[in-house]
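Below is one structure, written out as structure tokens; the observations come after it.
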Amino acid sequence: MQLSRPHILLADSDAKSHEVFRSFFERRGWDLEIATDASNLGQALETSVFDIVIADATMPGMSPSMLLGHVFRKRPGQALIVMGESASSENGFKLLRSGVTDVITKPVDFTWLERCVEQAISCRRQDEREKQTYAFVTCEQTEMQFSCKQLGEVQAISLPILRRLLDSQQITDTEALKIRLAVQEAVLNAVEHGNLELESRWKEEMHAGGLDKFSQIRRERLADPSFANRSVKLSSTFNGETLEISIRDEGRGFLNTQQASVPQAQNLSCSGRGMTLMTNAVDEVRFSLNGSEVTLVKYLTKQGS
Amino acid sequence: MEFPTEIVGEKGYIHITSDLDTEVAGEALRSAFNEIFDQGTRTIVLDLSGAQIINSYGIGKVLSCYQRLKAERGVLMVKPLNGFVKETFELLMLDKLLPIEK
């Protein structure tokens, strides 16, 4: 697939800037469109798709927040570089938190701008390629393996298949969160009850400072290679209609005695909710290998059907 | 990771600023709770607006806070919940257990 030339929109009311930017971008063979006010900007965003928008935060009649609203309402997720006369670190930080790609000050450092633009374009093109590739995928299988020590160190496991199903609108944000939660619960069980052989009742035995026996022994076993090096395998299979995610540990299994309990407001126990969360998130939860493998099954239907 | 805390009048507030689904986040909650609890505050409000997800591990940590307060006739409350965290609380009927701070 031939990628087209970078297409950039400059939103700036200052005619002198137009010439400087045009000359800079034309030398690189990049296409530049110019919007001189809010109305022009809105029109340009409606009619064309841009790799990146570079906008002056001091355009007459448009505050920085109006500018952001204008761009992101028309093009959610649009790569946007905001230029200001004196972008303080506080204001810059606020803008970055609002989804802006970068904040630069005038006079513009064109070496820096070129790097920002190239980076933003590269990210956008990579996302586009992944989306286009995935549109043709009818079947995907991935396998991952982690040691308990590694799982103790990572913040949360990210399953690439979920991002791709979200991008291709085969699942909603809430479904993705639910599946992510179910996987977390299954991995947690595999690590804590399967590989580290921890017992839920230890969660109720509280020491000073609110540290429970379960957490204390968990730490000890994660420091003990005979426990910490045991692995958890994750495999996911997607056949276009069904997503199956299996999580397998190296423990002795538990014969599926842990059934989803009916939640009760009076249940004050610090454990025993994982199965409820898993069964609520997916269509089927299957156990095999004496309980040391769990498979989460989600049947996908097209959105809106 | 640290969760900001504040004491306003007789209430202590813990602002959960990340998902509550890892040991790191659970430890941050325990530490923030201890900071307020150790000053004698017995009405503590969890602001979960910064969390998109809470798993059974995080819920266990919340209930551990609840039990410690209950043992001293204290109250654990939550700020009005939203999104998937609200759904999880309702599924596990925790919304019946922890009063909402209006």
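Labeling convention for the structure tokens: chains A, B, ... as they appear, residues from 1 per chain, ligands from 1 in order of appearance.
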Exercise for the section: Could you list the residues in chain B lying within 10 Å of chain A, using only C-alpha atoms, and format the result as JSON, numbers by chain? Expected result: {"B": [19, 21, 22, 23, 24, 25, 27, 30, 31, 33, 34, 37, 38, 52, 53, 54, 55, 56, 57, 58, 59, 60, 61, 62, 63, 64, 65, 66, 67, 68, 83, 84, 88, 90, 91, 92, 93, 94, 95, 96, 97, 98]}
Exercise for the section: Please give the complete set of residues from region 59-244 of chain A that DSSP, run on the backbone, assigns to helix (DSSP H, G or I), formatted as a PyMOL selection string. Expected result: chain A and resi 64-74+89-97+110-134+148-153+160-167+173-195+200-204+208-210+213-222+225-228
Problem - Within 10 Å of Gln39 (chain B) using only C-alpha atoms, minus same-chain residues under 3 positions, as a ChimeraX atom specification - result: /B:7,12,34-36,42
Skip region 29-33 of chain A itself and residues of its chain fewer than 6 positions away, then list as a short mmCIF file (atom, residue, chain, number, x, y, z; two decimals) with N, CA and C atoms, in the first residue's frame all residues within 6 Å of it, counting only C-alpha atoms.
```cif
data_model
loop_
_atom_site.label_atom_id
_atom_site.label_comp_id
_atom_site.auth_asym_id
_atom_site.auth_seq_id
_atom_site.Cartn_x
_atom_site.Cartn_y
_atom_site.Cartn_z
N ARG A 5 1.23 11.55 0.69
CA ARG A 5 2.09 12.54 1.35
C ARG A 5 1.40 13.05 2.61
N PRO A 6 2.20 13.39 3.65
CA PRO A 6 1.60 13.94 4.86
C PRO A 6 0.73 15.16 4.55
N HIS A 7 -0.42 15.20 5.16
CA HIS A 7 -1.39 16.26 4.90
C HIS A 7 -1.60 17.03 6.21
N ILE A 8 -1.22 18.31 6.19
CA ILE A 8 -1.19 19.08 7.43
C ILE A 8 -2.11 20.30 7.32
N LEU A 9 -2.79 20.60 8.43
CA LEU A 9 -3.62 21.80 8.46
C LEU A 9 -3.02 22.79 9.44
#
```
Handout entry: CA of Val183 (chain A) to CA of Ile100 (chain B), straight-line distance in Å
Key =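 That distance, rounded to one decimal, is 29.2 Å.
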Fill in the blank from the handout: With distances taken over only C-alpha atoms, the candidate from A:Arg286, A:Arg221, A:His18, A:Arg201 nearest Glu244 (chain A) is A:Arg286
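CA of Val108 (chain A) to CA of Arg75 (chain A) spans 24.9 Å [interatomic distance, one decimal].
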Problem - Near-Leu159 (chain A) list (12 Å; only C-alpha atoms; drop same-chain fewer than 5 positions) as a list in words - result: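 Those residues are Gln141, Thr142, Glu143, Met144, Arg164, Leu165, Leu166, Ala176, Leu177, Ile179, Arg180, Leu181, Ala182, Val183, Gln184, Leu234, Ser235, Ser236, Thr237, Leu243 and Ile245 of chain A.
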Take the residues from that selection and write them out as an mmCIF file, in the first residue's frame, keeping N, CA and C atoms.
```cif
data_model
loop_
_atom_site.group_PDB
_atom_site.id
_atom_site.type_symbol
_atom_site.label_atom_id
_atom_site.label_comp_id
_atom_site.auth_asym_id
_atom_site.auth_seq_id
_atom_site.Cartn_x
_atom_site.Cartn_y
_atom_site.Cartn_z
ATOM 1 N N GLN A 141 -4.664 -16.260 16.615
ATOM 2 C CA GLN A 141 -4.333 -17.017 17.823
ATOM 3 C C GLN A 141 -3.046 -16.452 18.411
ATOM 4 N N THR A 142 -3.045 -16.152 19.681
ATOM 5 C CA THR A 142 -1.817 -15.660 20.318
ATOM 6 C C THR A 142 -1.570 -16.436 21.595
ATOM 7 N N GLU A 143 -0.304 -16.549 21.953
ATOM 8 C CA GLU A 143 0.048 -17.216 23.210
ATOM 9 C C GLU A 143 1.060 -16.364 23.952
ATOM 10 N N MET A 144 0.878 -16.282 25.242
ATOM 11 C CA MET A 144 1.820 -15.516 26.067
ATOM 12 C C MET A 144 2.130 -16.349 27.304
ATOM 13 N N ARG A 164 -7.808 -4.507 19.254
ATOM 14 C CA ARG A 164 -8.168 -4.641 17.837
ATOM 15 C C ARG A 164 -9.675 -4.846 17.658
ATOM 16 N N LEU A 165 -10.279 -5.600 18.579
ATOM 17 C CA LEU A 165 -11.732 -5.802 18.476
ATOM 18 C C LEU A 165 -12.476 -4.490 18.742
ATOM 19 N N LEU A 166 -11.908 -3.676 19.626
ATOM 20 C CA LEU A 166 -12.494 -2.355 19.900
ATOM 21 C C LEU A 166 -12.375 -1.468 18.663
ATOM 22 N N ALA A 176 -15.189 -4.548 26.471
ATOM 23 C CA ALA A 176 -13.731 -4.684 26.570
ATOM 24 C C ALA A 176 -13.288 -4.608 28.033
ATOM 25 N N LEU A 177 -13.893 -3.681 28.789
ATOM 26 C CA LEU A 177 -13.545 -3.558 30.208
ATOM 27 C C LEU A 177 -13.919 -4.826 30.969
ATOM 28 N N ILE A 179 -14.249 -7.913 29.767
ATOM 29 C CA ILE A 179 -13.364 -9.028 29.407
ATOM 30 C C ILE A 179 -12.007 -8.843 30.080
ATOM 31 N N ARG A 180 -11.536 -7.576 30.080
ATOM 32 C CA ARG A 180 -10.252 -7.291 30.736
ATOM 33 C C ARG A 180 -10.314 -7.680 32.219
ATOM 34 N N LEU A 181 -11.449 -7.350 32.839
ATOM 35 C CA LEU A 181 -11.631 -7.673 34.253
ATOM 36 C C LEU A 181 -11.653 -9.187 34.455
ATOM 37 N N ALA A 182 -12.375 -9.909 33.579
ATOM 38 C CA ALA A 182 -12.457 -11.375 33.709
ATOM 39 C C ALA A 182 -11.077 -12.004 33.561
ATOM 40 N N VAL A 183 -10.274 -11.490 32.619
ATOM 41 C CA VAL A 183 -8.915 -12.029 32.423
ATOM 42 C C VAL A 183 -8.079 -11.757 33.676
ATOM 43 N N GLN A 184 -8.208 -10.548 34.206
ATOM 44 C CA GLN A 184 -7.466 -10.207 35.429
ATOM 45 C C GLN A 184 -7.815 -11.164 36.560
ATOM 46 N N LEU A 234 -1.185 -17.715 28.838
ATOM 47 C CA LEU A 234 -2.419 -17.116 28.328
ATOM 48 C C LEU A 234 -2.500 -17.401 26.845
ATOM 49 N N SER A 235 -3.590 -17.942 26.387
ATOM 50 C CA SER A 235 -3.744 -18.082 24.938
ATOM 51 C C SER A 235 -5.113 -17.543 24.550
ATOM 52 N N SER A 236 -5.146 -16.834 23.438
ATOM 53 C CA SER A 236 -6.430 -16.317 22.977
ATOM 54 C C SER A 236 -6.650 -16.742 21.537
ATOM 55 N N THR A 237 -7.876 -17.105 21.228
ATOM 56 C CA THR A 237 -8.237 -17.520 19.875
ATOM 57 C C THR A 237 -9.479 -16.750 19.471
ATOM 58 N N LEU A 243 -14.553 -15.391 20.804
ATOM 59 C CA LEU A 243 -13.263 -15.104 21.425
ATOM 60 C C LEU A 243 -13.095 -16.052 22.610
ATOM 61 N N ILE A 245 -10.367 -17.156 25.607
ATOM 62 C CA ILE A 245 -9.105 -16.827 26.279
ATOM 63 C C ILE A 245 -8.882 -17.865 27.376
#
```
Exercise for the section: Can you work out which one of A:Ala79, A:Ala35, A:Glu293, A:Ser147 has the shortest atom-to-atom distance to Ser122 (chain A), counting only C-alpha atoms? Expected result: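 Residue with the minimum atom-to-atom distance to Ser122 (chain A): A:Ala79.
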If you count only C-alpha atoms, which residues fall within 8 Å of Trp202 (chain A), apart from same-chain ones fewer than 4 positions away, as a compact mmCIF listing (two decimals) with C-alpha atoms, in the first residue's frame?
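Just written: result_39.txt:
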```
# COMPACT_ATOMS: atom_id res chain seq x y z
CA LEU A 198 -2.32 -19.16 48.80
CA ASP A 212 -3.30 -9.38 56.11
CA LYS A 213 -1.63 -12.79 56.31
CA PHE A 214 -2.49 -13.48 52.65
```
Practice task
Can you check which residues of region 143-216 of chain A DSSP gives as strand (DSSP E) on the backbone and send them as a list in words?
Solution key: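 DSSP on the backbone gives strand (DSSP E) at Glu143, Met144, Gln145, Phe146 and Ser147 of chain A.
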Would you mind exporting the chosen residues as an mmCIF file, in the first residue's frame, restricted to N, CA and C atoms?
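Output file out-v6.cif is given in full below:
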```cif
data_model
loop_
_atom_site.group_PDB
_atom_site.id
_atom_site.type_symbol
_atom_site.label_atom_id
_atom_site.label_comp_id
_atom_site.auth_asym_id
_atom_site.auth_seq_id
_atom_site.Cartn_x
_atom_site.Cartn_y
_atom_site.Cartn_z
ATOM 1 N N GLU A 143 -0.304 -16.549 21.953
ATOM 2 C CA GLU A 143 0.048 -17.216 23.210
ATOM 3 C C GLU A 143 1.060 -16.364 23.952
ATOM 4 N N MET A 144 0.878 -16.282 25.242
ATOM 5 C CA MET A 144 1.820 -15.516 26.067
ATOM 6 C C MET A 144 2.130 -16.349 27.304
ATOM 7 N N GLN A 145 3.317 -16.173 27.815
ATOM 8 C CA GLN A 145 3.675 -16.897 29.039
ATOM 9 C C GLN A 145 4.414 -15.956 29.977
ATOM 10 N N PHE A 146 4.023 -15.970 31.239
ATOM 11 C CA PHE A 146 4.652 -15.098 32.234
ATOM 12 C C PHE A 146 5.008 -15.935 33.455
ATOM 13 N N SER A 147 6.061 -15.525 34.150
ATOM 14 C CA SER A 147 6.320 -16.142 35.448
ATOM 15 C C SER A 147 5.508 -15.363 36.477
#
```
